[in-house]
file upload02.txt (compact mmCIF, C-alpha atoms and all ligand atoms)
# COMPACT_ATOMS: atom_id res chain seq x y z
CA MET J 1 114.82 58.17 90.04
CA LYS J 2 114.52 61.13 92.37
CA ASP J 3 111.24 62.68 93.41
CA LEU J 4 110.99 66.18 91.96
CA PHE J 5 110.33 67.61 95.42
CA ASP J 6 113.44 66.07 97.09
CA LYS J 7 115.49 69.16 96.44
CA ILE J 8 112.75 71.40 97.79
CA TYR J 9 112.68 69.55 101.12
CA LYS J 10 116.47 69.98 101.36
CA ASP J 11 116.89 73.51 100.04
CA LYS J 12 114.31 76.23 100.49
CA GLY J 13 116.24 78.66 98.29
CA PRO J 14 118.48 81.64 99.09
CA LEU J 15 115.76 83.54 101.00
CA GLY J 16 113.52 80.65 102.01
CA LYS J 17 116.31 79.13 104.11
CA TRP J 18 115.93 82.03 106.58
CA ALA J 19 112.17 81.53 106.93
CA SER J 20 112.17 80.01 110.40
CA GLN J 21 114.15 82.95 111.86
CA ALA J 22 112.77 85.74 109.72
CA GLU J 23 109.19 85.07 108.66
CA GLY J 24 106.53 87.32 110.12
CA TYR J 25 109.14 89.80 111.31
CA TYR J 26 111.89 90.60 108.82
CA VAL J 27 110.03 89.09 105.88
CA PHE J 28 106.27 88.84 105.40
CA PRO J 29 105.64 91.33 108.24
CA LYS J 30 102.01 92.38 108.65
CA LEU J 31 101.45 96.12 108.65
CA GLU J 32 97.91 96.84 109.77
CA GLY J 33 95.58 99.81 109.68
CA VAL J 34 94.97 102.23 106.83
CA ILE J 35 97.96 102.98 104.62
CA SER J 36 99.58 105.97 106.25
CA ASN J 37 102.66 107.43 107.92
CA ARG J 38 101.82 105.49 111.08
CA MET J 39 100.47 101.94 111.05
CA LYS J 40 100.42 98.99 113.43
CA PHE J 41 103.06 96.28 113.50
CA ARG J 42 102.39 93.42 115.95
CA GLY J 43 99.89 95.60 117.77
CA LYS J 44 102.19 98.60 118.24
CA GLU J 45 102.19 101.89 116.33
CA VAL J 46 105.19 102.37 114.05
CA ILE J 47 106.26 105.15 111.70
CA THR J 48 106.14 103.46 108.29
CA TRP J 49 109.06 104.17 105.97
CA SER J 50 108.65 101.20 103.69
CA ILE J 51 105.55 102.00 101.66
CA ASN J 52 105.93 103.39 98.14
CA ASP J 53 102.81 105.52 98.41
CA TYR J 54 104.92 108.56 97.48
CA LEU J 55 102.11 111.06 97.00
CA GLY J 56 99.93 109.76 99.79
CA LEU J 57 97.14 108.82 97.40
CA ALA J 58 96.49 105.34 98.82
CA ASN J 59 94.29 106.66 101.56
CA HIS J 60 93.27 110.03 100.14
CA PRO J 61 89.52 110.46 100.79
CA GLU J 62 88.73 111.43 97.16
CA ILE J 63 90.61 108.40 95.86
CA ARG J 64 88.97 106.08 98.37
CA GLN J 65 85.58 107.39 97.24
CA VAL J 66 86.28 106.95 93.52
CA ASP J 67 87.67 103.44 94.13
CA ALA J 68 84.61 102.50 96.18
CA ASP J 69 82.16 103.93 93.64
CA ALA J 70 83.90 102.11 90.77
CA ALA J 71 83.83 98.83 92.71
CA ALA J 72 80.14 99.34 93.51
CA GLN J 73 79.32 100.04 89.85
CA TYR J 74 81.46 97.41 88.14
CA GLY J 75 82.43 94.86 90.80
CA ALA J 76 85.98 93.55 90.87
CA ALA J 77 85.84 91.46 87.70
CA TYR J 78 84.71 93.69 84.85
CA PRO J 79 85.87 93.48 82.12
CA MET J 80 86.47 89.74 81.88
CA GLY J 81 89.11 88.30 79.59
CA ALA J 82 92.27 89.61 78.01
CA ARG J 83 92.19 93.03 76.32
CA MET J 84 92.41 91.43 72.89
CA MET J 85 89.48 89.08 73.41
CA SER J 86 86.82 90.61 75.67
CA GLY J 87 88.60 92.80 78.23
CA HIS J 88 88.77 96.10 76.37
CA THR J 89 86.79 99.25 77.28
CA THR J 90 86.56 102.92 76.38
CA MET J 91 87.84 103.72 79.87
CA HIS J 92 91.03 101.73 79.22
CA GLU J 93 91.54 103.80 76.07
CA LYS J 94 90.84 107.04 77.93
CA LEU J 95 93.41 106.29 80.61
CA GLN J 96 95.95 105.34 77.92
CA ASP J 97 95.38 108.61 76.07
CA GLU J 98 95.71 110.65 79.25
CA LEU J 99 98.86 108.83 80.32
CA ALA J 100 100.47 109.30 76.91
CA ASP J 101 99.61 112.99 77.01
CA PHE J 102 100.99 113.35 80.54
CA VAL J 103 104.37 111.79 79.75
CA GLY J 104 104.64 113.51 76.37
CA LYS J 105 104.42 110.47 74.09
CA GLU J 106 102.19 109.71 71.11
CA ALA J 107 100.47 106.69 72.62
CA ALA J 108 100.32 104.44 75.65
CA TYR J 109 99.20 100.90 76.47
CA LEU J 110 97.94 99.70 79.84
CA ALA J 111 99.14 96.51 81.48
CA ASN J 112 97.67 94.49 84.32
CA PHE J 113 100.92 94.12 86.29
CA GLY J 114 104.17 95.97 85.82
CA TYR J 115 106.42 92.99 86.36
CA GLN J 116 104.84 90.74 83.75
CA ALA J 117 104.45 93.61 81.34
CA MET J 118 108.13 94.48 81.47
CA VAL J 119 109.14 90.84 80.99
CA SER J 120 106.92 90.61 77.92
CA ALA J 121 107.86 93.97 76.46
CA ILE J 122 111.53 93.01 76.45
CA ASP J 123 110.60 89.64 74.96
CA ALA J 124 108.55 91.35 72.26
CA LEU J 125 111.05 94.08 71.37
CA VAL J 126 114.00 91.81 70.53
CA ASN J 127 114.63 88.73 68.43
CA LYS J 128 117.63 86.40 68.44
CA ASN J 129 119.67 88.68 66.19
CA ASP J 130 119.35 91.65 68.54
CA VAL J 131 121.56 92.49 71.52
CA ILE J 132 120.39 93.81 74.89
CA VAL J 133 122.68 96.03 76.97
CA TYR J 134 121.36 96.72 80.48
CA ASP J 135 122.44 98.12 83.85
CA ILE J 136 123.76 95.42 86.16
CA ASP J 137 121.56 96.72 89.02
CA ALA J 138 118.36 96.43 86.99
CA HIS J 139 115.13 95.35 88.67
CA ALA J 140 114.18 91.65 88.63
CA CYS J 141 111.49 92.24 85.98
CA ILE J 142 114.16 93.48 83.55
CA ILE J 143 116.46 90.59 84.38
CA ASP J 144 113.62 88.14 83.81
CA GLY J 145 112.71 89.78 80.51
CA VAL J 146 116.33 89.47 79.42
CA ARG J 147 116.28 85.78 80.44
CA LEU J 148 113.76 85.12 77.67
CA HIS J 149 116.04 86.65 75.07
CA MET J 150 117.52 84.11 72.66
CA GLY J 151 120.34 86.38 71.48
CA LYS J 152 123.31 88.06 73.15
CA ARG J 153 122.98 90.29 76.20
CA PHE J 154 125.55 92.34 78.11
CA THR J 155 125.37 94.10 81.46
CA TYR J 156 127.17 97.37 82.05
CA GLN J 157 128.46 98.51 85.43
CA HIS J 158 125.83 100.38 87.39
CA ASN J 159 125.33 103.89 86.00
CA ASP J 160 128.77 103.72 84.39
CA VAL J 161 128.54 105.35 80.97
CA GLU J 162 132.04 104.26 79.96
CA SER J 163 131.15 100.64 80.69
CA LEU J 164 127.87 101.10 78.81
CA GLU J 165 129.72 102.48 75.79
CA LYS J 166 132.17 99.56 75.79
CA ASN J 167 129.26 97.13 75.81
CA ILE J 168 127.40 98.99 73.09
CA GLU J 169 130.57 98.67 70.98
CA ARG J 170 130.59 94.90 71.62
CA ALA J 171 126.90 94.80 70.68
CA VAL J 172 127.52 96.77 67.48
CA LYS J 173 130.11 94.19 66.38
CA ILE J 174 127.65 91.36 66.95
CA CYS J 175 124.81 93.16 65.18
CA GLU J 176 127.03 93.77 62.16
CA VAL J 177 127.19 89.99 61.80
CA THR J 178 123.61 89.08 62.79
CA GLY J 179 121.89 92.04 61.17
CA GLY J 180 120.12 92.81 64.46
CA GLY J 181 119.69 95.98 66.50
CA ILE J 182 120.48 97.09 70.06
CA LEU J 183 118.15 97.64 73.03
CA VAL J 184 119.60 99.57 76.00
CA ILE J 185 117.67 99.34 79.30
CA SER J 186 118.00 101.45 82.44
CA GLU J 187 115.80 102.34 85.37
CA GLY J 188 114.80 105.97 85.71
CA VAL J 189 115.32 105.77 89.46
CA PHE J 190 117.13 102.80 90.97
CA GLY J 191 114.77 101.77 93.73
CA MET J 192 117.31 100.35 96.15
CA ARG J 193 119.86 103.19 96.38
CA GLY J 194 117.86 106.07 94.97
CA GLU J 195 120.23 107.06 92.18
CA GLN J 196 118.74 108.37 88.97
CA GLY J 197 119.75 106.43 85.88
CA LYS J 198 122.13 108.38 83.63
CA LEU J 199 119.38 108.94 81.10
CA LYS J 200 120.82 112.16 79.71
CA GLU J 201 124.21 110.61 79.08
CA ILE J 202 122.66 107.48 77.59
CA VAL J 203 120.45 109.51 75.24
CA ALA J 204 123.54 111.52 74.22
CA LEU J 205 125.19 108.26 73.12
CA LYS J 206 122.49 107.90 70.48
CA LYS J 207 124.39 110.49 68.43
CA LYS J 208 127.26 108.02 68.19
CA TYR J 209 125.50 104.63 68.13
CA ASN J 210 122.27 103.28 66.75
CA PHE J 211 120.21 101.82 69.60
CA ARG J 212 116.76 102.03 71.16
CA PHE J 213 116.28 102.99 74.80
CA LEU J 214 113.77 101.45 77.25
CA VAL J 215 113.37 103.06 80.69
CA ASP J 216 111.65 101.52 83.72
CA ASP J 217 110.60 104.59 85.70
CA ALA J 218 108.66 102.83 88.46
CA HIS J 219 109.99 105.14 91.18
CA GLY J 220 110.32 108.25 89.01
CA PHE J 221 106.78 108.55 87.67
CA GLY J 222 104.89 111.05 89.83
CA THR J 223 107.95 112.00 91.88
CA MET J 224 110.46 113.36 89.36
CA GLY J 225 110.32 116.17 86.83
CA LYS J 226 108.56 119.52 86.95
CA THR J 227 105.12 118.05 86.34
CA GLY J 228 105.80 114.62 87.82
CA ALA J 229 106.10 113.04 84.36
CA GLY J 230 109.22 111.24 85.52
CA THR J 231 112.97 111.03 85.28
CA GLY J 232 113.02 111.69 81.52
CA GLU J 233 111.31 115.01 82.19
CA GLU J 234 113.64 115.70 85.13
CA GLN J 235 116.70 115.27 82.90
CA GLY J 236 115.11 116.92 79.86
CA VAL J 237 115.42 113.82 77.67
CA GLN J 238 111.92 112.36 77.53
CA ASP J 239 112.04 112.50 73.72
CA GLY J 240 115.19 110.38 73.66
CA ILE J 241 113.48 107.56 75.57
CA ASP J 242 111.99 105.23 72.97
CA VAL J 243 109.85 103.19 75.33
CA TYR J 244 108.84 104.67 78.69
CA PHE J 245 107.44 102.36 81.38
CA ALA J 246 105.93 103.00 84.80
CA THR J 247 103.89 100.95 87.25
CA PHE J 248 100.87 102.09 89.25
CA ALA J 249 102.27 100.31 92.31
CA LYS J 250 104.07 103.39 93.64
CA SER J 251 103.00 107.04 93.14
CA MET J 252 99.67 105.91 91.67
CA ALA J 253 98.98 103.75 94.74
CA GLY J 254 97.16 101.04 92.82
CA ILE J 255 97.76 98.12 90.52
CA GLY J 256 98.62 98.19 86.85
CA ALA J 257 101.26 99.75 84.66
CA PHE J 258 101.74 101.36 81.27
CA PHE J 259 104.12 101.79 78.38
CA ALA J 260 104.31 105.03 76.41
CA ALA J 261 106.01 105.44 73.04
CA ASP J 262 105.41 106.33 69.40
CA GLN J 263 102.08 105.02 68.07
CA ASP J 264 103.73 102.34 65.90
CA ILE J 265 105.65 100.93 68.83
CA ILE J 266 102.58 100.86 71.08
CA ASP J 267 100.56 99.19 68.30
CA TYR J 268 103.27 96.56 68.06
CA LEU J 269 103.46 95.97 71.83
CA LYS J 270 99.68 95.69 72.01
CA TYR J 271 99.77 92.69 69.64
CA ASN J 272 102.97 91.10 70.91
CA MET J 273 103.25 91.33 74.70
CA ARG J 274 102.34 87.78 75.62
CA SER J 275 101.65 88.48 79.32
CA GLN J 276 98.98 90.95 78.25
CA MET J 277 97.59 88.99 75.28
CA PHE J 278 97.04 85.88 77.37
CA ALA J 279 96.04 87.31 80.75
CA LYS J 280 93.11 89.18 82.20
CA SER J 281 92.71 92.86 81.54
CA LEU J 282 93.16 95.47 84.27
CA PRO J 283 89.82 95.62 86.15
CA MET J 284 87.69 98.74 85.77
CA GLN J 285 88.11 99.70 89.40
CA PHE J 286 91.83 100.25 88.77
CA VAL J 287 91.24 101.99 85.45
CA ILE J 288 88.74 104.47 86.88
CA GLY J 289 90.88 104.76 90.00
CA GLY J 290 93.88 105.34 87.72
CA LEU J 291 92.12 108.19 85.94
CA LYS J 292 91.38 109.88 89.27
CA ARG J 293 94.93 109.41 90.49
CA LEU J 294 96.34 110.84 87.27
CA GLU J 295 94.01 113.83 87.54
CA MET J 296 95.26 114.48 91.07
CA LEU J 297 98.86 114.09 89.99
CA ARG J 298 98.28 116.65 87.24
CA THR J 299 96.18 119.17 89.12
CA MET J 300 97.60 119.02 92.64
CA PRO J 301 101.31 119.88 92.41
CA GLU J 302 101.19 120.56 96.16
CA LEU J 303 101.27 116.77 96.70
CA LYS J 304 104.69 116.50 95.05
CA ASP J 305 105.90 119.72 96.71
CA LYS J 306 105.08 118.36 100.14
CA LEU J 307 106.72 115.03 99.26
CA TRP J 308 109.94 116.82 98.35
CA LYS J 309 109.83 118.97 101.51
CA ASN J 310 109.79 115.74 103.47
CA VAL J 311 112.50 114.18 101.31
CA ASN J 312 114.76 117.18 101.82
CA ALA J 313 114.11 117.39 105.56
CA LEU J 314 114.87 113.69 106.00
CA GLN J 315 117.92 113.56 103.73
CA ASN J 316 119.42 116.83 105.03
CA GLY J 317 118.83 115.70 108.61
CA LEU J 318 120.59 112.40 107.95
CA ARG J 319 123.51 114.10 106.18
CA GLN J 320 123.88 116.65 109.00
CA ARG J 321 124.11 113.79 111.48
CA GLY J 322 126.92 112.28 109.39
CA PHE J 323 124.97 109.34 107.96
CA ASN J 324 126.06 107.84 104.67
CA ILE J 325 123.06 108.09 102.34
CA GLY J 326 125.03 107.20 99.22
CA ASN J 327 124.39 109.12 96.03
CA THR J 328 120.63 109.41 96.18
CA ASN J 329 119.17 112.26 94.15
CA THR J 330 115.58 111.06 94.39
CA CYS J 331 113.03 110.36 97.14
CA VAL J 332 114.44 106.90 97.85
CA THR J 333 116.61 107.35 100.94
CA PRO J 334 119.19 104.65 101.72
CA VAL J 335 121.15 104.71 104.98
CA PHE J 336 124.34 102.65 104.86
CA LEU J 337 125.78 101.31 108.12
CA ASN J 338 128.62 98.88 108.80
CA GLY J 339 127.71 95.63 110.45
CA SER J 340 127.05 91.92 110.12
CA ILE J 341 123.71 90.28 109.30
CA PRO J 342 123.06 89.27 112.95
CA GLU J 343 123.82 92.86 114.04
CA ALA J 344 121.44 94.14 111.37
CA MET J 345 118.70 91.88 112.70
CA ALA J 346 119.20 93.06 116.29
CA LEU J 347 119.26 96.67 115.12
CA VAL J 348 116.04 96.40 113.15
CA ASN J 349 114.39 94.64 116.06
CA ASP J 350 115.41 97.51 118.35
CA LEU J 351 114.20 100.10 115.82
CA ARG J 352 110.79 98.47 115.59
CA GLU J 353 110.24 97.48 119.22
CA ASN J 354 111.81 100.36 121.12
CA TYR J 355 111.74 103.32 118.73
CA GLY J 356 108.59 102.53 116.74
CA ILE J 357 110.32 102.86 113.36
CA PHE J 358 109.51 100.46 110.53
CA CYS J 359 111.80 100.51 107.50
CA SER J 360 113.12 97.96 105.04
CA ILE J 361 116.44 96.30 105.65
CA VAL J 362 118.75 95.04 102.93
CA VAL J 363 121.88 92.94 103.57
CA TYR J 364 124.36 90.69 101.74
CA PRO J 365 124.06 89.28 99.02
CA VAL J 366 121.97 92.20 97.69
CA ILE J 367 124.66 94.62 98.90
CA PRO J 368 128.35 93.89 99.76
CA LYS J 369 129.18 91.85 102.89
CA GLY J 370 129.55 93.93 106.05
CA LEU J 371 127.12 96.62 104.94
CA ILE J 372 123.60 97.17 106.24
CA LEU J 373 121.20 99.19 104.14
CA LEU J 374 118.13 100.67 105.78
CA ARG J 375 115.84 102.03 103.09
CA LEU J 376 113.45 104.88 103.85
CA ILE J 377 110.67 105.97 101.51
CA PRO J 378 109.38 109.42 102.49
CA THR J 379 105.87 110.28 101.37
CA THR J 380 103.57 113.27 101.25
CA VAL J 381 101.75 112.12 104.38
CA HIS J 382 104.81 111.99 106.62
CA THR J 383 105.13 114.83 109.11
CA LEU J 384 108.14 116.78 110.36
CA GLU J 385 107.54 115.11 113.71
CA ASP J 386 107.90 111.67 112.06
CA ILE J 387 111.16 112.86 110.56
CA SER J 388 112.62 114.29 113.74
CA GLU J 389 111.66 111.17 115.75
CA THR J 390 113.29 109.02 113.08
CA LEU J 391 116.47 111.09 113.00
CA SER J 392 117.00 110.82 116.74
CA ALA J 393 116.23 107.09 116.65
CA PHE J 394 118.83 106.65 113.90
CA SER J 395 121.49 108.52 115.90
CA SER J 396 120.76 106.31 118.84
CA ILE J 397 120.89 102.99 116.95
CA ARG J 398 124.12 104.02 115.24
CA GLU J 399 125.69 104.63 118.65
CA LYS J 400 124.56 101.18 119.82
CA LEU J 401 125.88 99.58 116.64
CA GLU J 402 129.25 101.24 117.15
CA ASN J 403 129.53 100.45 120.86
CA GLY J 404 128.89 96.74 120.25
CA THR J 405 125.38 96.55 121.79
CA TYR J 406 123.91 94.74 118.78
CA LYS J 407 126.89 92.42 118.51
CA ARG J 408 126.40 91.35 122.13
CA LEU J 409 122.65 91.03 121.68
CA SER J 410 122.98 88.90 118.56
CA GLU J 411 125.60 86.67 120.23
CA ALA J 412 123.28 86.17 123.19
CA VAL J 413 120.42 85.19 120.85
CA ALA J 414 122.70 82.77 118.97
CA ALA J 415 123.88 81.18 122.26
CA LYS J 416 120.27 80.76 123.39
CA MET J 417 119.38 79.06 120.10
CA GLU J 418 122.33 76.67 120.36
CA ALA J 419 121.53 75.73 123.99
C1 LIG L 1 111.68 99.18 89.12
C2 LIG L 1 110.43 98.36 89.16
N1 LIG L 1 109.95 97.85 88.01
C3 LIG L 1 108.83 97.10 87.99
C4 LIG L 1 108.14 96.80 89.14
C5 LIG L 1 106.96 95.87 89.07
O1 LIG L 1 105.75 96.56 89.03
P1 LIG L 1 104.39 95.88 89.53
O2 LIG L 1 104.40 95.92 91.02
O3 LIG L 1 103.34 96.74 88.90
O4 LIG L 1 104.36 94.48 89.02
C6 LIG L 1 108.60 97.32 90.37
C7 LIG L 1 107.88 97.06 91.63
O5 LIG L 1 106.73 97.37 91.83
C8 LIG L 1 109.77 98.13 90.36
O6 LIG L 1 110.26 98.63 91.50
call {"tool": "encode", "arguments": {"input": "upload02.txt", "output": "structure tokens"}}
result
Amino acid sequence: MKDLFDKIYKDKGPLGKWASQAEGYYVFPKLEGVISNRMKFRGKEVITWSINDYLGLANHPEIRQVDADAAAQYGAAYPMGARMMSGHTTMHEKLQDELADFVGKEAAYLANFGYQAMVSAIDALVNKNDVIVYDIDAHACIIDGVRLHMGKRFTYQHNDVESLEKNIERAVKICEVTGGGILVISEGVFGMRGEQGKLKEIVALKKKYNFRFLVDDAHGFGTMGKTGAGTGEEQGVQDGIDVYFATFAKSMAGIGAFFAADQDIIDYLKYNMRSQMFAKSLPMQFVIGGLKRLEMLRTMPELKDKLWKNVNALQNGLRQRGFNIGNTNTCVTPVFLNGSIPEAMALVNDLRENYGIFCSIVVYPVIPKGLILLRLIPTTVHTLEDISETLSAFSSIREKLENGTYKRLSEAVAAKMEA
């Protein structure tokens, strides 16, 4: 009989196999210093474009003070236990009420981590007779939630309403036999390429088909819509979203997440989301910190205005220079270049070491072979100087990519490794 770990020694997994070449640099890099537009990477200052602190709250002095005071008063542990058992407080309820009010829903429920919460919400909302129809580019937490589903599930082509409709029709046929219902899931903002989900079109389909709609608005909450209430508000269809979800890991610069929906649905989720029923409640520090962040989001529209000034300056600058930034209509700013994985590695190395620019890099198999995606996340705390430095660096690296510099560099590195 084989030892369970044999396969692990042989195969580190699709990402783990790159560890020896990539760890500490391309993956698991250490960004040091306070969270800001400029931080330190391997001792050198870099402009940081990879932090989802959209509204610049992570290091805002008022937030830092409230976080510190809450930690001093309650420590990091309080309340202990799961919400249902011993981890519930009036402050948790207060934050829920304020969040529900802010996103225009009857009720809300807090969760300790977005990822687990989404997995469990999907698990709770469907049974084996139901059918899930979800966007093929959905975030891992949605995919993992769907994995728990015992019934049928269909993906539709990314943001393709025709494909969605076809799959809803397939789902309807199945539900007619099983007696189940349909759950459609989209992201509000797709975090990799920055496209908004087609929420308006999806909600319009409710006139024709009977389904419920769950939206993961991780990147939209705080950044989209007139008041920052998210992509549903932006597209004028918040009422058509049956279950609205957002994490605190982005605009709220914290930890935690919430669902917002009709009271009955929230009451149901509260008693049926296993990752929340059987795991520790969100600590007070994050609840009190969450209340302060929400207050700032509500009362300081200038934070979002400045964010969007930066988004527009960056995206317009890239477009003017002829860069392909896909179909983004949100803050997430992808830059698509043509090149191989070794070229991408040489390019990112050059960007970090010689231009002081730190951004995320995405390659095959996440995107098609031959494409390099550099993902920039503008925030409120970026400056026009950061943007103009970045734009000229990007023009320069594109020229080097096109004239073969990175190809030669990567071949030289490969030859050295073989020798
Ligand atoms: C679209 C999306 N959903 C869910 C999550 C998970 O949220 P959390 O970090 O709170 O677990 C993320 C990442 O933070 C995300 O980008």
call {"tool": "atom_distance", "arguments": {"input": "upload02.txt", "atom1": "atom CA of J:Lys105", "atom2": "atom CA of J:Phe259"}}
result
9.7 Å
call {"tool": "closest_residue", "arguments": {"input": "upload02.txt", "among": "J:Met84, J:Val348, J:Leu337, J:Ala253", "to": "ligand LIG 1 (chain L)", "atoms": "only C-alpha atoms and all ligand atoms"}}
result
J:Ala253
call {"tool": "residues_near_ligand", "arguments": {"input": "upload02.txt", "ligand": "ligand LIG 1 (chain L)", "cutoff": "8 Å", "atoms": "only C-alpha atoms and all ligand atoms", "output": "MDAnalysis selection string"}}
result
chainID J and resid 112:118 138:142 187 189:191 216:219 246:250 255:257
call {"tool": "residues_around", "arguments": {"input": "upload02.txt", "residues": "J:Gly322", "least_positions_apart": "3", "cutoff": "12 Å", "atoms": "only C-alpha atoms", "output": "PDB file with C-alpha atoms, in the coordinates of the input"}}
result
ATOM      1  CA  GLN J 315     117.920 113.560 103.730  1.00  0.00           C
ATOM      2  CA  ASN J 316     119.420 116.830 105.030  1.00  0.00           C
ATOM      3  CA  GLY J 317     118.830 115.700 108.610  1.00  0.00           C
ATOM      4  CA  LEU J 318     120.590 112.400 107.950  1.00  0.00           C
ATOM      5  CA  ARG J 319     123.510 114.100 106.180  1.00  0.00           C
ATOM      6  CA  ILE J 325     123.060 108.090 102.340  1.00  0.00           C
ATOM      7  CA  GLY J 326     125.030 107.200  99.220  1.00  0.00           C
ATOM      8  CA  VAL J 335     121.150 104.710 104.980  1.00  0.00           C
ATOM      9  CA  PHE J 336     124.340 102.650 104.860  1.00  0.00           C
ATOM     10  CA  LEU J 337     125.780 101.310 108.120  1.00  0.00           C
ATOM     11  CA  LEU J 391     116.470 111.090 113.000  1.00  0.00           C
ATOM     12  CA  PHE J 394     118.830 106.650 113.900  1.00  0.00           C
ATOM     13  CA  SER J 395     121.490 108.520 115.900  1.00  0.00           C
ATOM     14  CA  ARG J 398     124.120 104.020 115.240  1.00  0.00           C
TER      15      ARG J 398
END
call {"tool": "closest_residue", "arguments": {"input": "upload02.txt", "among": "J:Gln263, J:Thr178, J:Gln21, J:Asn210", "to": "J:Asn129", "atoms": "all atoms listed in the file"}}
result
J:Thr178
call {"tool": "atom_distance", "arguments": {"input": "upload02.txt", "atom1": "atom CA of J:Glu23", "atom2": "atom CA of J:Ser360"}}
result
14.0 Å
